[in-house]
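I have placed the structure first, in the form of structure tokens, so that the comments after it can refer back to it.
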Amino acid sequence: MVTFEGRISEVMESWPLQLIVTVGNQWHMVTLTDATEVKRDGIVVGPGALRPGQVIAVQAERRPPGGVAAVTITIRQ
């Protein structure tokens, strides 16, 4: 399991939903699954609440070749 915090730079509205999250000068491709839980202010919200520019915390499992599958995404701002 990996955990990181970064800013959403892009939301790709395909299925499965994918995000590009920028962390410093690096980026992560984050895939959401049916089991991904998205929270804001401690309340579970739908993945439609995710927008470019938001700061999020991600708990995810690594997926080859370099991406991650989100378990939990918490919207910080």
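For the structure tokens, the naming scheme is as follows: chains receive sequential letters (A, B, ...) according to their order of presentation, residues are indexed from 1 within each chain, and ligands are indexed from 1 in presentation order.
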Residues at most 6 Å from A:Thr72, counting only C-alpha atoms, excluding those fewer than 3 positions away in the same chain, as a list in words?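 Contacts, in chain order: Thr36, Glu37, Val38, Val58 and Gln59 of chain A.
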Considering only C-alpha atoms, return as a VMD selection string whatever protein or nucleic-acid residues lie within 10 Å of A:Gly48, sequence-local ones (same chain, fewer than 2 positions apart) excluded. chain A and resid 11 13 17 38 45 to 46 50 to 51
Give me the residues near stretch 24-32 of chain A as an mmCIF file with N, CA, C and O atoms, in the first residue's frame, where near means some atom within 10 Å (using only C-alpha atoms) and where sequence neighbours in that chain fewer than 2 positions away do not count.
```cif
data_model
loop_
_atom_site.group_PDB
_atom_site.id
_atom_site.type_symbol
_atom_site.label_atom_id
_atom_site.label_comp_id
_atom_site.auth_asym_id
_atom_site.auth_seq_id
_atom_site.Cartn_x
_atom_site.Cartn_y
_atom_site.Cartn_z
ATOM 1 N N PHE A 4 0.135 8.995 -0.560
ATOM 2 C CA PHE A 4 0.759 10.249 -0.968
ATOM 3 C C PHE A 4 -0.301 11.335 -1.052
ATOM 4 O O PHE A 4 -1.501 11.050 -1.092
ATOM 5 N N GLU A 5 0.159 12.588 -1.051
ATOM 6 C CA GLU A 5 -0.724 13.737 -1.184
ATOM 7 C C GLU A 5 -0.239 14.575 -2.351
ATOM 8 O O GLU A 5 0.963 14.777 -2.512
ATOM 9 N N GLY A 6 -1.166 15.025 -3.175
ATOM 10 C CA GLY A 6 -0.798 15.830 -4.329
ATOM 11 C C GLY A 6 -1.995 16.568 -4.884
ATOM 12 O O GLY A 6 -3.082 16.541 -4.312
ATOM 13 N N ARG A 7 -1.781 17.212 -6.023
ATOM 14 C CA ARG A 7 -2.820 18.024 -6.666
ATOM 15 C C ARG A 7 -3.268 17.332 -7.953
ATOM 16 O O ARG A 7 -2.442 16.893 -8.755
ATOM 17 N N ILE A 8 -4.578 17.258 -8.154
ATOM 18 C CA ILE A 8 -5.108 16.679 -9.388
ATOM 19 C C ILE A 8 -4.785 17.630 -10.539
ATOM 20 O O ILE A 8 -5.171 18.795 -10.513
ATOM 21 N N SER A 9 -4.070 17.138 -11.528
ATOM 22 C CA SER A 9 -3.782 17.969 -12.693
ATOM 23 C C SER A 9 -4.682 17.613 -13.870
ATOM 24 O O SER A 9 -4.892 18.444 -14.752
ATOM 25 N N GLU A 10 -5.232 16.397 -13.859
ATOM 26 C CA GLU A 10 -6.125 16.008 -14.949
ATOM 27 C C GLU A 10 -7.058 14.898 -14.487
ATOM 28 O O GLU A 10 -6.666 14.010 -13.738
ATOM 29 N N VAL A 11 -8.323 14.978 -14.947
ATOM 30 C CA VAL A 11 -9.312 13.926 -14.705
ATOM 31 C C VAL A 11 -9.691 13.373 -16.067
ATOM 32 O O VAL A 11 -10.161 14.111 -16.924
ATOM 33 N N MET A 12 -9.457 12.079 -16.269
ATOM 34 C CA MET A 12 -9.821 11.434 -17.523
ATOM 35 C C MET A 12 -11.114 10.673 -17.287
ATOM 36 O O MET A 12 -11.125 9.702 -16.525
ATOM 37 N N TRP A 15 -13.831 4.977 -18.367
ATOM 38 C CA TRP A 15 -14.007 3.972 -17.327
ATOM 39 C C TRP A 15 -12.916 2.943 -17.484
ATOM 40 O O TRP A 15 -12.725 2.431 -18.572
ATOM 41 N N PRO A 16 -12.157 2.643 -16.474
ATOM 42 C CA PRO A 16 -12.278 3.229 -15.141
ATOM 43 C C PRO A 16 -11.759 4.665 -15.121
ATOM 44 O O PRO A 16 -10.868 5.020 -15.888
ATOM 45 N N LEU A 17 -12.345 5.473 -14.232
ATOM 46 C CA LEU A 17 -11.926 6.859 -14.071
ATOM 47 C C LEU A 17 -10.459 6.890 -13.680
ATOM 48 O O LEU A 17 -10.014 6.107 -12.845
ATOM 49 N N GLN A 18 -9.690 7.791 -14.280
ATOM 50 C CA GLN A 18 -8.275 7.926 -13.974
ATOM 51 C C GLN A 18 -7.943 9.382 -13.695
ATOM 52 O O GLN A 18 -8.520 10.283 -14.291
ATOM 53 N N LEU A 19 -6.999 9.580 -12.785
ATOM 54 C CA LEU A 19 -6.521 10.903 -12.419
ATOM 55 C C LEU A 19 -5.026 10.969 -12.646
ATOM 56 O O LEU A 19 -4.327 9.972 -12.448
ATOM 57 N N ILE A 20 -4.531 12.128 -13.017
ATOM 58 C CA ILE A 20 -3.097 12.387 -12.956
ATOM 59 C C ILE A 20 -2.914 13.305 -11.765
ATOM 60 O O ILE A 20 -3.525 14.377 -11.693
ATOM 61 N N VAL A 21 -2.118 12.839 -10.795
ATOM 62 C CA VAL A 21 -1.901 13.575 -9.553
ATOM 63 C C VAL A 21 -0.437 13.997 -9.501
ATOM 64 O O VAL A 21 0.463 13.150 -9.585
ATOM 65 N N THR A 22 -0.207 15.304 -9.378
ATOM 66 C CA THR A 22 1.140 15.852 -9.334
ATOM 67 C C THR A 22 1.595 15.960 -7.887
ATOM 68 O O THR A 22 0.883 16.501 -7.046
ATOM 69 N N ASP A 34 -14.445 0.256 -8.649
ATOM 70 C CA ASP A 34 -15.776 0.282 -8.039
ATOM 71 C C ASP A 34 -15.692 0.362 -6.520
ATOM 72 O O ASP A 34 -16.615 0.841 -5.871
ATOM 73 N N ALA A 35 -14.584 -0.109 -5.953
ATOM 74 C CA ALA A 35 -14.429 -0.141 -4.500
ATOM 75 C C ALA A 35 -13.748 1.109 -3.932
ATOM 76 O O ALA A 35 -13.660 1.262 -2.715
ATOM 77 N N THR A 36 -13.279 2.028 -4.796
ATOM 78 C CA THR A 36 -12.602 3.232 -4.305
ATOM 79 C C THR A 36 -13.582 4.103 -3.533
ATOM 80 O O THR A 36 -14.684 4.380 -4.002
ATOM 81 N N GLU A 37 -13.157 4.531 -2.347
ATOM 82 C CA GLU A 37 -13.976 5.412 -1.511
ATOM 83 C C GLU A 37 -13.417 6.826 -1.594
ATOM 84 O O GLU A 37 -12.243 7.048 -1.316
ATOM 85 N N VAL A 38 -14.261 7.782 -2.002
ATOM 86 C CA VAL A 38 -13.867 9.190 -2.104
ATOM 87 C C VAL A 38 -14.541 9.930 -0.949
ATOM 88 O O VAL A 38 -15.762 9.820 -0.776
ATOM 89 N N PRO A 47 -17.235 9.888 -7.081
ATOM 90 C CA PRO A 47 -16.019 10.280 -7.797
ATOM 91 C C PRO A 47 -16.220 11.518 -8.661
ATOM 92 O O PRO A 47 -15.255 12.177 -9.035
ATOM 93 N N VAL A 58 -4.131 10.174 -1.175
ATOM 94 C CA VAL A 58 -4.462 8.911 -1.834
ATOM 95 C C VAL A 58 -3.829 7.751 -1.071
ATOM 96 O O VAL A 58 -2.633 7.802 -0.749
ATOM 97 N N ALA A 60 -3.373 3.781 -1.932
ATOM 98 C CA ALA A 60 -3.543 2.972 -3.132
ATOM 99 C C ALA A 60 -2.656 1.743 -3.121
ATOM 100 O O ALA A 60 -1.702 1.651 -2.352
ATOM 101 N N GLU A 61 -2.999 0.826 -4.005
ATOM 102 C CA GLU A 61 -2.171 -0.360 -4.252
ATOM 103 C C GLU A 61 -1.446 -0.149 -5.571
ATOM 104 O O GLU A 61 -2.015 0.390 -6.516
ATOM 105 N N ARG A 62 -0.190 -0.562 -5.627
ATOM 106 C CA ARG A 62 0.601 -0.422 -6.861
ATOM 107 C C ARG A 62 0.065 -1.369 -7.929
ATOM 108 O O ARG A 62 -0.324 -2.485 -7.648
ATOM 109 N N ARG A 63 0.062 -0.857 -9.173
ATOM 110 C CA ARG A 63 -0.330 -1.658 -10.324
ATOM 111 C C ARG A 63 0.713 -1.482 -11.411
ATOM 112 O O ARG A 63 1.028 -0.358 -11.774
ATOM 113 N N GLY A 66 3.538 0.891 -13.265
ATOM 114 C CA GLY A 66 3.847 2.165 -12.632
ATOM 115 C C GLY A 66 2.643 2.936 -12.133
ATOM 116 O O GLY A 66 2.804 3.965 -11.500
ATOM 117 N N GLY A 67 1.443 2.458 -12.409
ATOM 118 C CA GLY A 67 0.253 3.147 -11.927
ATOM 119 C C GLY A 67 -0.162 2.632 -10.558
ATOM 120 O O GLY A 67 0.457 1.720 -10.000
ATOM 121 N N VAL A 68 -1.208 3.242 -10.009
ATOM 122 C CA VAL A 68 -1.745 2.795 -8.730
ATOM 123 C C VAL A 68 -3.263 2.744 -8.821
ATOM 124 O O VAL A 68 -3.887 3.477 -9.575
ATOM 125 N N ALA A 69 -3.863 1.820 -8.043
ATOM 126 C CA ALA A 69 -5.316 1.704 -7.945
ATOM 127 C C ALA A 69 -5.725 2.241 -6.586
ATOM 128 O O ALA A 69 -5.310 1.726 -5.554
ATOM 129 N N ALA A 70 -6.536 3.294 -6.585
ATOM 130 C CA ALA A 70 -6.916 3.969 -5.348
ATOM 131 C C ALA A 70 -7.860 3.111 -4.503
ATOM 132 O O ALA A 70 -8.822 2.544 -5.017
ATOM 133 N N VAL A 71 -7.559 3.030 -3.225
ATOM 134 C CA VAL A 71 -8.441 2.410 -2.246
ATOM 135 C C VAL A 71 -9.296 3.510 -1.617
ATOM 136 O O VAL A 71 -10.507 3.408 -1.531
ATOM 137 N N THR A 72 -8.621 4.582 -1.171
ATOM 138 C CA THR A 72 -9.288 5.735 -0.571
ATOM 139 C C THR A 72 -8.678 7.023 -1.118
ATOM 140 O O THR A 72 -7.461 7.134 -1.225
ATOM 141 N N ILE A 73 -9.531 7.990 -1.453
ATOM 142 C CA ILE A 73 -9.103 9.327 -1.851
ATOM 143 C C ILE A 73 -9.813 10.310 -0.929
ATOM 144 O O ILE A 73 -11.040 10.269 -0.804
#
```
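Of note, atom CA of A:Ile43 and atom CA of A:Val55 are spaced 16.3 Å apart.
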A:Ile75: which residues within 7 Å, counting only C-alpha atoms, same-chain residues fewer than 2 positions away excluded, as a ChimeraX atom specification? /A:39-40,54-57,73,77
Would you write out those residues with N, CA, C and O atoms, as a PDB file, in the first residue's frame?
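Okay, out33.pdb is ready:
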```
ATOM      1  N   LYS A  39     -13.743  10.685  -0.163  1.00  0.00           N
ATOM      2  CA  LYS A  39     -14.282  11.395   0.994  1.00  0.00           C
ATOM      3  C   LYS A  39     -13.943  12.875   0.934  1.00  0.00           C
ATOM      4  O   LYS A  39     -12.870  13.252   0.486  1.00  0.00           O
ATOM      5  N   ARG A  40     -14.864  13.686   1.435  1.00  0.00           N
ATOM      6  CA  ARG A  40     -14.625  15.122   1.623  1.00  0.00           C
ATOM      7  C   ARG A  40     -15.249  15.483   2.967  1.00  0.00           C
ATOM      8  O   ARG A  40     -16.422  15.184   3.203  1.00  0.00           O
ATOM      9  N   GLN A  54      -7.710  20.286  -7.236  1.00  0.00           N
ATOM     10  CA  GLN A  54      -7.921  19.881  -5.848  1.00  0.00           C
ATOM     11  C   GLN A  54      -6.688  19.188  -5.284  1.00  0.00           C
ATOM     12  O   GLN A  54      -6.007  18.441  -5.993  1.00  0.00           O
ATOM     13  N   VAL A  55      -6.435  19.419  -3.998  1.00  0.00           N
ATOM     14  CA  VAL A  55      -5.399  18.687  -3.283  1.00  0.00           C
ATOM     15  C   VAL A  55      -6.069  17.475  -2.665  1.00  0.00           C
ATOM     16  O   VAL A  55      -7.114  17.597  -2.007  1.00  0.00           O
ATOM     17  N   ILE A  56      -5.478  16.297  -2.908  1.00  0.00           N
ATOM     18  CA  ILE A  56      -6.055  15.056  -2.393  1.00  0.00           C
ATOM     19  C   ILE A  56      -4.989  14.215  -1.710  1.00  0.00           C
ATOM     20  O   ILE A  56      -3.796  14.338  -2.002  1.00  0.00           O
ATOM     21  N   ALA A  57      -5.434  13.366  -0.790  1.00  0.00           N
ATOM     22  CA  ALA A  57      -4.588  12.333  -0.199  1.00  0.00           C
ATOM     23  C   ALA A  57      -5.071  11.004  -0.761  1.00  0.00           C
ATOM     24  O   ALA A  57      -6.282  10.762  -0.840  1.00  0.00           O
ATOM     25  N   ILE A  73      -9.531   7.990  -1.453  1.00  0.00           N
ATOM     26  CA  ILE A  73      -9.103   9.327  -1.851  1.00  0.00           C
ATOM     27  C   ILE A  73      -9.813  10.310  -0.929  1.00  0.00           C
ATOM     28  O   ILE A  73     -11.040  10.269  -0.804  1.00  0.00           O
ATOM     29  N   GLN A  77      -8.716  20.072  -0.284  1.00  0.00           N
ATOM     30  CA  GLN A  77      -9.207  21.412  -0.626  1.00  0.00           C
ATOM     31  C   GLN A  77      -9.616  21.475  -2.058  1.00  0.00           C
ATOM     32  O   GLN A  77      -9.283  20.710  -2.882  1.00  0.00           O
TER      33      GLN A  77
END
```
According to DSSP computed on the backbone, where in chain A is there strand (DSSP E)? Give the residues as JSON, numbers by chain. {"A": [2, 3, 4, 5, 6, 7, 8, 9, 10, 11, 12, 18, 19, 20, 21, 22, 23, 26, 27, 28, 29, 30, 31, 37, 38, 39, 40, 43, 44, 45, 55, 56, 57, 58, 59, 60, 61, 62, 63, 67, 68, 69, 70, 71, 72, 73, 74, 75]}
